[in-house]
$ cat run.tsv   # TSV, N, CA and C atoms
chain	number	residue	atom	x	y	z
A	1	MET	N	-57.32	46.92	115.58
A	1	MET	CA	-56.29	46.02	116.00
A	1	MET	C	-54.93	46.69	115.86
A	2	ARG	N	-54.05	46.40	116.77
A	2	ARG	CA	-52.70	46.94	116.71
A	2	ARG	C	-51.69	45.82	116.86
A	3	VAL	N	-50.64	45.94	116.11
A	3	VAL	CA	-49.51	45.04	116.22
A	3	VAL	C	-48.30	45.92	116.49
A	4	THR	N	-47.55	45.62	117.53
A	4	THR	CA	-46.43	46.49	117.87
A	4	THR	C	-45.25	46.27	116.93
A	5	VAL	N	-44.39	47.28	116.87
A	5	VAL	CA	-43.16	47.18	116.10
A	5	VAL	C	-42.35	46.00	116.62
A	6	GLY	N	-42.32	45.83	117.94
A	6	GLY	CA	-41.59	44.72	118.54
A	6	GLY	C	-42.10	43.37	118.08
A	7	THR	N	-43.41	43.23	117.93
A	7	THR	CA	-43.98	41.98	117.44
A	7	THR	C	-43.53	41.71	116.01
A	8	VAL	N	-43.63	42.72	115.16
A	8	VAL	CA	-43.23	42.56	113.76
A	8	VAL	C	-41.75	42.21	113.67
A	9	LEU	N	-40.91	42.93	114.40
A	9	LEU	CA	-39.47	42.66	114.37
A	9	LEU	C	-39.16	41.27	114.93
A	10	GLY	N	-39.84	40.90	115.99
A	10	GLY	CA	-39.63	39.58	116.57
A	10	GLY	C	-39.98	38.47	115.60
A	11	LEU	N	-41.06	38.65	114.88
A	11	LEU	CA	-41.45	37.65	113.88
A	11	LEU	C	-40.42	37.55	112.77
A	12	LEU	N	-39.96	38.69	112.28
A	12	LEU	CA	-38.93	38.70	111.24
A	12	LEU	C	-37.64	38.07	111.75
A	13	ALA	N	-37.25	38.42	112.97
A	13	ALA	CA	-36.00	37.91	113.54
A	13	ALA	C	-36.06	36.40	113.76
A	14	SER	N	-37.25	35.88	114.00
A	14	SER	CA	-37.36	34.44	114.24
A	14	SER	C	-37.56	33.64	112.95
A	15	GLY	N	-37.46	34.32	111.81
A	15	GLY	CA	-37.47	33.61	110.55
A	15	GLY	C	-38.75	33.69	109.73
A	16	HIS	N	-39.75	34.35	110.24
A	16	HIS	CA	-40.99	34.50	109.46
A	16	HIS	C	-40.74	35.49	108.32
A	17	ASP	N	-41.35	35.20	107.18
A	17	ASP	CA	-41.22	36.14	106.08
A	17	ASP	C	-42.41	37.10	106.08
A	18	VAL	N	-42.31	38.13	105.27
A	18	VAL	CA	-43.35	39.16	105.24
A	18	VAL	C	-44.70	38.55	104.86
A	19	ASP	N	-44.71	37.67	103.88
A	19	ASP	CA	-45.98	37.05	103.47
A	19	ASP	C	-46.60	36.26	104.61
A	20	GLY	N	-45.79	35.58	105.40
A	20	GLY	CA	-46.30	34.84	106.55
A	20	GLY	C	-46.89	35.76	107.61
A	21	ILE	N	-46.23	36.89	107.83
A	21	ILE	CA	-46.74	37.87	108.80
A	21	ILE	C	-48.07	38.44	108.31
A	22	LEU	N	-48.13	38.75	107.03
A	22	LEU	CA	-49.37	39.30	106.47
A	22	LEU	C	-50.50	38.29	106.53
A	23	ALA	N	-50.18	37.01	106.38
A	23	ALA	CA	-51.20	35.97	106.49
A	23	ALA	C	-51.71	35.85	107.93
A	24	ALA	N	-50.79	36.00	108.89
A	24	ALA	CA	-51.18	35.89	110.30
A	24	ALA	C	-51.93	37.13	110.79
A	25	TYR	N	-51.62	38.28	110.20
A	25	TYR	CA	-52.25	39.54	110.57
A	25	TYR	C	-52.80	40.18	109.30
A	26	PRO	N	-53.96	39.72	108.81
A	26	PRO	CA	-54.46	40.15	107.50
A	26	PRO	C	-54.80	41.63	107.41
A	27	TYR	N	-54.91	42.31	108.53
A	27	TYR	CA	-55.20	43.74	108.51
A	27	TYR	C	-53.93	44.57	108.30
A	28	LEU	N	-52.76	43.93	108.28
A	28	LEU	CA	-51.52	44.62	107.97
A	28	LEU	C	-51.27	44.60	106.47
A	29	GLU	N	-50.48	45.56	106.02
A	29	GLU	CA	-50.06	45.61	104.63
A	29	GLU	C	-48.54	45.61	104.59
A	30	LYS	N	-47.96	45.33	103.41
A	30	LYS	CA	-46.51	45.30	103.28
A	30	LYS	C	-45.89	46.62	103.73
A	31	ASP	N	-46.56	47.73	103.44
A	31	ASP	CA	-46.06	49.04	103.86
A	31	ASP	C	-45.97	49.15	105.38
A	32	ASP	N	-46.85	48.46	106.10
A	32	ASP	CA	-46.80	48.48	107.56
A	32	ASP	C	-45.54	47.78	108.08
A	33	VAL	N	-45.18	46.67	107.46
A	33	VAL	CA	-43.97	45.95	107.85
A	33	VAL	C	-42.75	46.82	107.56
A	34	GLN	N	-42.74	47.45	106.39
A	34	GLN	CA	-41.63	48.34	106.03
A	34	GLN	C	-41.55	49.51	107.00
A	35	ALA	N	-42.69	50.06	107.39
A	35	ALA	CA	-42.71	51.17	108.34
A	35	ALA	C	-42.15	50.74	109.69
A	36	ALA	N	-42.44	49.52	110.11
A	36	ALA	CA	-41.91	49.01	111.38
A	36	ALA	C	-40.39	48.91	111.31
A	37	LEU	N	-39.88	48.42	110.19
A	37	LEU	CA	-38.43	48.33	110.02
A	37	LEU	C	-37.78	49.70	109.99
A	38	THR	N	-38.40	50.64	109.30
A	38	THR	CA	-37.88	52.00	109.21
A	38	THR	C	-37.85	52.65	110.59
A	39	TYR	N	-38.92	52.48	111.35
A	39	TYR	CA	-38.98	53.04	112.69
A	39	TYR	C	-37.91	52.43	113.60
A	40	ALA	N	-37.76	51.13	113.53
A	40	ALA	CA	-36.77	50.45	114.37
A	40	ALA	C	-35.36	50.91	114.02
A	41	ALA	N	-35.08	51.08	112.74
A	41	ALA	CA	-33.75	51.57	112.33
A	41	ALA	C	-33.52	52.98	112.85
A	42	TRP	N	-34.53	53.81	112.76
A	42	TRP	CA	-34.42	55.19	113.27
A	42	TRP	C	-34.18	55.20	114.78
A	43	ARG	N	-34.90	54.37	115.51
A	43	ARG	CA	-34.73	54.31	116.97
A	43	ARG	C	-33.35	53.77	117.35
A	44	ALA	N	-32.85	52.86	116.57
A	44	ALA	CA	-31.53	52.26	116.85
A	44	ALA	C	-30.40	53.27	116.65
A	45	GLU	N	-30.64	54.29	115.85
A	45	GLU	CA	-29.62	55.31	115.59
A	45	GLU	C	-29.66	56.44	116.63
A	46	GLY	N	-30.53	56.35	117.60
A	46	GLY	CA	-30.66	57.39	118.60
A	46	GLY	C	-29.36	57.60	119.37
A	47	VAL	N	-29.12	58.82	119.72
A	47	VAL	CA	-27.93	59.18	120.49
A	47	VAL	C	-28.35	59.42	121.94
A	48	GLU	N	-27.66	58.78	122.85
A	48	GLU	CA	-27.95	59.00	124.26
A	48	GLU	C	-27.03	60.07	124.81
A	49	LEU	N	-27.61	61.04	125.44
A	49	LEU	CA	-26.84	62.11	126.04
A	49	LEU	C	-26.95	62.01	127.56
A	50	PRO	N	-25.86	62.20	128.27
A	50	PRO	CA	-25.91	62.12	129.74
A	50	PRO	C	-26.70	63.31	130.30
A	51	LEU	N	-27.46	63.03	131.34
A	51	LEU	CA	-28.16	64.11	132.03
A	51	LEU	C	-27.17	64.83	132.92
A	52	THR	N	-27.28	66.12	132.93
A	52	THR	CA	-26.38	66.91	133.79
A	52	THR	C	-27.10	67.46	134.97
$ encode --input "run.tsv" --output "C-alpha cells"
Amino acid sequence: MRVTVGTVLGLLASGHDVDGILAAYPYLEKDDVQAALTYAAWRAEGVELPLT
C-alpha cells in the first residue's frame, strides 16, 4: 500500500492529527509522517532556474 506525501499533507492541513492518520492508515508509522513533512519542506525550498 502507498500513501502519497500529498495525501498525508492534505490530512494534516485539514486538521487531522498524526494519531488519526495512523489509525486510518495502520501500515504507516510516525516516522513516515515525519518523512512526508521533511520531503515537502525540502521540495518547497527548491530553486527554479529559467531555461535558456
$ select_by_dssp --input "run.tsv" --residues "chain A" --states "alpha helix (DSSP H)" --output "short mmCIF file (atom, residue, chain, number, x, y, z; two decimals) with N, CA and C atoms, in the frame of the given file"
data_model
loop_
_atom_site.label_atom_id
_atom_site.label_comp_id
_atom_site.auth_asym_id
_atom_site.auth_seq_id
_atom_site.Cartn_x
_atom_site.Cartn_y
_atom_site.Cartn_z
N VAL A 5 -44.39 47.28 116.87
CA VAL A 5 -43.16 47.18 116.10
C VAL A 5 -42.35 46.00 116.62
N GLY A 6 -42.32 45.83 117.94
CA GLY A 6 -41.59 44.72 118.54
C GLY A 6 -42.10 43.37 118.08
N THR A 7 -43.41 43.23 117.93
CA THR A 7 -43.98 41.98 117.44
C THR A 7 -43.53 41.71 116.01
N VAL A 8 -43.63 42.72 115.16
CA VAL A 8 -43.23 42.56 113.76
C VAL A 8 -41.75 42.21 113.67
N LEU A 9 -40.91 42.93 114.40
CA LEU A 9 -39.47 42.66 114.37
C LEU A 9 -39.16 41.27 114.93
N GLY A 10 -39.84 40.90 115.99
CA GLY A 10 -39.63 39.58 116.57
C GLY A 10 -39.98 38.47 115.60
N LEU A 11 -41.06 38.65 114.88
CA LEU A 11 -41.45 37.65 113.88
C LEU A 11 -40.42 37.55 112.77
N LEU A 12 -39.96 38.69 112.28
CA LEU A 12 -38.93 38.70 111.24
C LEU A 12 -37.64 38.07 111.75
N ALA A 13 -37.25 38.42 112.97
CA ALA A 13 -36.00 37.91 113.54
C ALA A 13 -36.06 36.40 113.76
N VAL A 18 -42.31 38.13 105.27
CA VAL A 18 -43.35 39.16 105.24
C VAL A 18 -44.70 38.55 104.86
N ASP A 19 -44.71 37.67 103.88
CA ASP A 19 -45.98 37.05 103.47
C ASP A 19 -46.60 36.26 104.61
N GLY A 20 -45.79 35.58 105.40
CA GLY A 20 -46.30 34.84 106.55
C GLY A 20 -46.89 35.76 107.61
N ILE A 21 -46.23 36.89 107.83
CA ILE A 21 -46.74 37.87 108.80
C ILE A 21 -48.07 38.44 108.31
N LEU A 22 -48.13 38.75 107.03
CA LEU A 22 -49.37 39.30 106.47
C LEU A 22 -50.50 38.29 106.53
N ALA A 23 -50.18 37.01 106.38
CA ALA A 23 -51.20 35.97 106.49
C ALA A 23 -51.71 35.85 107.93
N ALA A 24 -50.79 36.00 108.89
CA ALA A 24 -51.18 35.89 110.30
C ALA A 24 -51.93 37.13 110.79
N LYS A 30 -47.96 45.33 103.41
CA LYS A 30 -46.51 45.30 103.28
C LYS A 30 -45.89 46.62 103.73
N ASP A 31 -46.56 47.73 103.44
CA ASP A 31 -46.06 49.04 103.86
C ASP A 31 -45.97 49.15 105.38
N ASP A 32 -46.85 48.46 106.10
CA ASP A 32 -46.80 48.48 107.56
C ASP A 32 -45.54 47.78 108.08
N VAL A 33 -45.18 46.67 107.46
CA VAL A 33 -43.97 45.95 107.85
C VAL A 33 -42.75 46.82 107.56
N GLN A 34 -42.74 47.45 106.39
CA GLN A 34 -41.63 48.34 106.03
C GLN A 34 -41.55 49.51 107.00
N ALA A 35 -42.69 50.06 107.39
CA ALA A 35 -42.71 51.17 108.34
C ALA A 35 -42.15 50.74 109.69
N ALA A 36 -42.44 49.52 110.11
CA ALA A 36 -41.91 49.01 111.38
C ALA A 36 -40.39 48.91 111.31
N LEU A 37 -39.88 48.42 110.19
CA LEU A 37 -38.43 48.33 110.02
C LEU A 37 -37.78 49.70 109.99
N THR A 38 -38.40 50.64 109.30
CA THR A 38 -37.88 52.00 109.21
C THR A 38 -37.85 52.65 110.59
N TYR A 39 -38.92 52.48 111.35
CA TYR A 39 -38.98 53.04 112.69
C TYR A 39 -37.91 52.43 113.60
N ALA A 40 -37.76 51.13 113.53
CA ALA A 40 -36.77 50.45 114.37
C ALA A 40 -35.36 50.91 114.02
N ALA A 41 -35.08 51.08 112.74
CA ALA A 41 -33.75 51.57 112.33
C ALA A 41 -33.52 52.98 112.85
N TRP A 42 -34.53 53.81 112.76
CA TRP A 42 -34.42 55.19 113.27
C TRP A 42 -34.18 55.20 114.78
N ARG A 43 -34.90 54.37 115.51
CA ARG A 43 -34.73 54.31 116.97
C ARG A 43 -33.35 53.77 117.35
N ALA A 44 -32.85 52.86 116.57
CA ALA A 44 -31.53 52.26 116.85
C ALA A 44 -30.40 53.27 116.65
#
$ residues_around --input "run.tsv" --residues "range 27-38 of chain A" --least-positions-apart "2" --cutoff "8 Å" --atoms "only C-alpha atoms" --output "number ranges by chain"
A: 1, 5, 8-9, 18, 22, 25, 40-42
$ atom_distance --input "run.tsv" --atom1 "atom N of Tyr39 in chain A" --atom2 "atom N of Gly6 in chain A"
10.0 Å
$ atom_distance --input "run.tsv" --atom1 "atom C of Val47 in chain A" --atom2 "CA of Leu11 in chain A"
26.7 Å
$ atom_distance --input "run.tsv" --atom1 "CA of Ala24 in chain A" --atom2 "atom N of Thr7 in chain A"
13.1 Å
$ decode --input "run.tsv" --residues "chain A" --atoms "C-alpha atoms" --output "PDB file, in the first residue's frame"
ATOM      1  CA  MET A   1       0.000   0.000   0.000  1.00  0.00           C
ATOM      2  CA  ARG A   2       1.162   3.523  -0.713  1.00  0.00           C
ATOM      3  CA  VAL A   3       0.034   6.823   0.652  1.00  0.00           C
ATOM      4  CA  THR A   4       1.294   9.900  -1.163  1.00  0.00           C
ATOM      5  CA  VAL A   5       3.019  12.825   0.502  1.00  0.00           C
ATOM      6  CA  GLY A   6       0.156  14.951  -0.803  1.00  0.00           C
ATOM      7  CA  THR A   7      -2.384  12.775   0.999  1.00  0.00           C
ATOM      8  CA  VAL A   8      -0.504  12.990   4.295  1.00  0.00           C
ATOM      9  CA  LEU A   9      -0.052  16.761   3.981  1.00  0.00           C
ATOM     10  CA  GLY A  10      -3.676  17.227   2.979  1.00  0.00           C
ATOM     11  CA  LEU A  11      -4.849  15.331   6.025  1.00  0.00           C
ATOM     12  CA  LEU A  12      -2.606  17.363   8.324  1.00  0.00           C
ATOM     13  CA  ALA A  13      -3.668  20.623   6.672  1.00  0.00           C
ATOM     14  CA  SER A  14      -7.339  19.767   7.119  1.00  0.00           C
ATOM     15  CA  GLY A  15      -6.893  19.299  10.851  1.00  0.00           C
ATOM     16  CA  HIS A  16      -6.225  15.600  11.292  1.00  0.00           C
ATOM     17  CA  ASP A  17      -3.605  14.765  13.859  1.00  0.00           C
ATOM     18  CA  VAL A  18      -0.833  12.213  13.432  1.00  0.00           C
ATOM     19  CA  ASP A  19      -2.599   9.649  15.612  1.00  0.00           C
ATOM     20  CA  GLY A  20      -5.732   9.959  13.486  1.00  0.00           C
ATOM     21  CA  ILE A  21      -3.737   9.462  10.293  1.00  0.00           C
ATOM     22  CA  LEU A  22      -2.018   6.417  11.769  1.00  0.00           C
ATOM     23  CA  ALA A  23      -5.396   4.995  12.770  1.00  0.00           C
ATOM     24  CA  ALA A  24      -6.745   5.498   9.239  1.00  0.00           C
ATOM     25  CA  TYR A  25      -3.597   4.055   7.638  1.00  0.00           C
ATOM     26  CA  PRO A  26      -2.343   1.433  10.122  1.00  0.00           C
ATOM     27  CA  TYR A  27       0.553   0.414   7.878  1.00  0.00           C
ATOM     28  CA  LEU A  28       2.110   3.876   8.351  1.00  0.00           C
ATOM     29  CA  GLU A  29       4.362   4.789  11.243  1.00  0.00           C
ATOM     30  CA  LYS A  30       5.058   8.154  12.877  1.00  0.00           C
ATOM     31  CA  ASP A  31       8.412   8.241  11.065  1.00  0.00           C
ATOM     32  CA  ASP A  32       6.538   8.029   7.747  1.00  0.00           C
ATOM     33  CA  VAL A  33       4.518  11.144   8.572  1.00  0.00           C
ATOM     34  CA  GLN A  34       7.696  12.952   9.620  1.00  0.00           C
ATOM     35  CA  ALA A  35       9.399  11.852   6.398  1.00  0.00           C
ATOM     36  CA  ALA A  36       6.488  13.260   4.373  1.00  0.00           C
ATOM     37  CA  LEU A  37       6.833  16.606   6.143  1.00  0.00           C
ATOM     38  CA  THR A  38      10.605  16.618   5.659  1.00  0.00           C
ATOM     39  CA  TYR A  39      10.245  15.845   1.963  1.00  0.00           C
ATOM     40  CA  ALA A  40       7.602  18.534   1.474  1.00  0.00           C
ATOM     41  CA  ALA A  41       9.781  21.125   3.213  1.00  0.00           C
ATOM     42  CA  TRP A  42      12.735  20.163   1.027  1.00  0.00           C
ATOM     43  CA  ARG A  43      10.626  20.418  -2.148  1.00  0.00           C
ATOM     44  CA  ALA A  44       9.244  23.793  -1.078  1.00  0.00           C
ATOM     45  CA  GLU A  45      12.788  25.168  -0.823  1.00  0.00           C
ATOM     46  CA  GLY A  46      13.565  24.278  -4.432  1.00  0.00           C
ATOM     47  CA  VAL A  47      15.002  26.997  -6.617  1.00  0.00           C
ATOM     48  CA  GLU A  48      13.574  27.462 -10.079  1.00  0.00           C
ATOM     49  CA  LEU A  49      16.038  28.421 -12.737  1.00  0.00           C
ATOM     50  CA  PRO A  50      14.951  29.794 -16.126  1.00  0.00           C
ATOM     51  CA  LEU A  51      15.693  27.624 -19.126  1.00  0.00           C
ATOM     52  CA  THR A  52      17.975  29.284 -21.616  1.00  0.00           C
TER      53      THR A  52
END
